[in-house]
Amino acid sequence: MKKIFLAIILTLILSSAAFSEQEKILDNYIFRLSDKVTRTPVKFKTRFGIILAGDLYVAKDLDLSHKHSAVVIGAPYGGVKEQSPGIYAQVLAENGFVALTFDASYNGYSSGQPRHLSSPELFAEDFSAGVDFLGTRDFVDREKIAAIGICGSGGFALSAAAMDVRIKSVITVSMYDISRVIRKGWLDNADSKQERDKIREQAAIQRWAEAEGNNPAMTTRGANLEIDFEHDAIGSEFGEFYSRPRGYHHNSIAQFTFTSLPSWMNFQLLDLVSEITPRHILLIIGENAHSRYFSEDIYKAASEPKELFVVPDATHVDLYDNLEKIPFGKIIKFLHENLE
């Protein structure tokens, strides 16, 4: 395990020489900054008082004397803004949108203790806080703000939009319903009261330990360090991204505090997805994604207008960073049609 971590760090150090001064290893963006776009670090506050660290992407030739459509973009569950959200934001900025990425509350460079706490309400609120920030920029049209959620944040974006009517349309990419995963396991393979009882008992023991001054315990890492598709295809797919130079970031550990789990079991994240109507929903999934059943089930539950878009020959993680498979043409067309 130590050898794998050393290999990751060494590879990143060796490859950093190819990056510009703006892309130092400390920041570790997994993509190059376009010469057509400016990326500005920003901070904004949630209604819970958490300070979110974000990046604002704007085309260099965008006329800031006019108001423009904007998008707030969330990271995969356990991911950070330097990974997939930045890739999406950059392309959208190149196409005239104001794009905001952020680190989730208690994660990345955002504030909050203990680190890597996870909460359904907080993570949905992060999107609404992003709308607050965008809507108070002079060059953003408050009536033209959309949300994009990748993987776990797809569920958070939908949950936020169900309550926050300022979000005028929603796009999810490789969407995960984290509350369903924690209740039922990956692929719904652990749906039993016995499994939930085990989590509740472990969480109770850990809460006593932390109340007595011990450090928070963490969940099992969701991205394998050792790749073994035969015995753990899902963990290995995530591992090829998060645990390899392809998507590695030191703030993205693919783990959360164990005592966060009961809140996900107790919170139905997407119960009110049908109430997003009449605003538009676009659900994007890979043809070969292990997660496609989440989007297919939400498509059935959601009210019109809605659309399910399947990317041929794409996996779940392909849509994190594969520019040849991410359907940006579809995304841009959808945003123009539903914001303009």
# chains A, B, ... in the order shown; residues from 1 in each chain; ligands from 1
$ select_by_dssp --residues "segment 148-194 of chain A" --states "strand (DSSP E or B)" --output "list of chain:residue names"
A:Ile148, A:Gly149, A:Ile150, A:Ser169, A:Val170, A:Ile171, A:Thr172, A:Val173
$ write_last_selection --atoms "N, CA and C atoms" --output "mmCIF file, in the first residue's frame"
data_model
loop_
_atom_site.group_PDB
_atom_site.id
_atom_site.type_symbol
_atom_site.label_atom_id
_atom_site.label_comp_id
_atom_site.auth_asym_id
_atom_site.auth_seq_id
_atom_site.Cartn_x
_atom_site.Cartn_y
_atom_site.Cartn_z
ATOM 1 N N ILE A 148 -25.337 21.363 -12.256
ATOM 2 C CA ILE A 148 -24.845 20.097 -12.787
ATOM 3 C C ILE A 148 -24.241 19.310 -11.629
ATOM 4 N N GLY A 149 -24.693 18.083 -11.458
ATOM 5 C CA GLY A 149 -24.142 17.216 -10.424
ATOM 6 C C GLY A 149 -23.553 15.967 -11.039
ATOM 7 N N ILE A 150 -22.322 15.663 -10.675
ATOM 8 C CA ILE A 150 -21.615 14.493 -11.194
ATOM 9 C C ILE A 150 -21.583 13.421 -10.111
ATOM 10 N N SER A 169 -32.774 24.623 -14.148
ATOM 11 C CA SER A 169 -32.709 23.312 -14.783
ATOM 12 C C SER A 169 -31.576 22.523 -14.137
ATOM 13 N N VAL A 170 -31.656 21.196 -14.262
ATOM 14 C CA VAL A 170 -30.685 20.318 -13.603
ATOM 15 C C VAL A 170 -30.161 19.282 -14.592
ATOM 16 N N ILE A 171 -28.846 19.085 -14.564
ATOM 17 C CA ILE A 171 -28.211 18.017 -15.330
ATOM 18 C C ILE A 171 -27.485 17.115 -14.340
ATOM 19 N N THR A 172 -27.712 15.816 -14.439
ATOM 20 C CA THR A 172 -26.917 14.871 -13.658
ATOM 21 C C THR A 172 -26.088 14.024 -14.615
ATOM 22 N N VAL A 173 -24.895 13.654 -14.161
ATOM 23 C CA VAL A 173 -23.977 12.837 -14.959
ATOM 24 C C VAL A 173 -23.528 11.664 -14.090
#
$ closest_atom_pairs --of "segment 100-177 of chain A" --to "segment 68-73 of chain A" --cutoff "7 Å" --atoms "only C-alpha atoms" --output "CSV"
residue,atom,partner,partner_atom,distance
A:Leu100,CA,A:Val72,CA,4.8
A:Thr101,CA,A:Ile73,CA,5.0
A:Phe127,CA,A:Val72,CA,6.9
A:Gly130,CA,A:Val72,CA,6.1
A:Val131,CA,A:Val72,CA,6.9
A:Phe139,CA,A:His68,CA,6.0
A:Val140,CA,A:His68,CA,4.8
A:Asp141,CA,A:His68,CA,5.4
A:Lys144,CA,A:Ser69,CA,4.9
A:Ile145,CA,A:Ala70,CA,4.8
A:Ala146,CA,A:Val71,CA,4.8
A:Ala147,CA,A:Val72,CA,4.9
A:Ile148,CA,A:Ile73,CA,4.7
A:Gly149,CA,A:Ile73,CA,5.9
$ select_by_dssp --residues "segment 10-236 of chain A" --states "alpha helix (DSSP H)" --output "PyMOL selection string"
chain A and resi 10-15+84-94+120-135+153-163+178-184+193-211+233-236
$ closest_residue --among "A:Leu269, A:Ala302, A:Cys151, A:Met163" --to "Ile284 of chain A" --atoms "only C-alpha atoms"
A:Cys151
$ closest_residue --among "A:Gly49, A:Pro278, A:Gly135, A:Gly79" --to "Gly247 of chain A" --atoms "only C-alpha atoms"
A:Gly79
$ atom_distance --atom1 "atom CA of Ser153 of chain A" --atom2 "atom CA of Asp27 of chain A"
21.7 Å
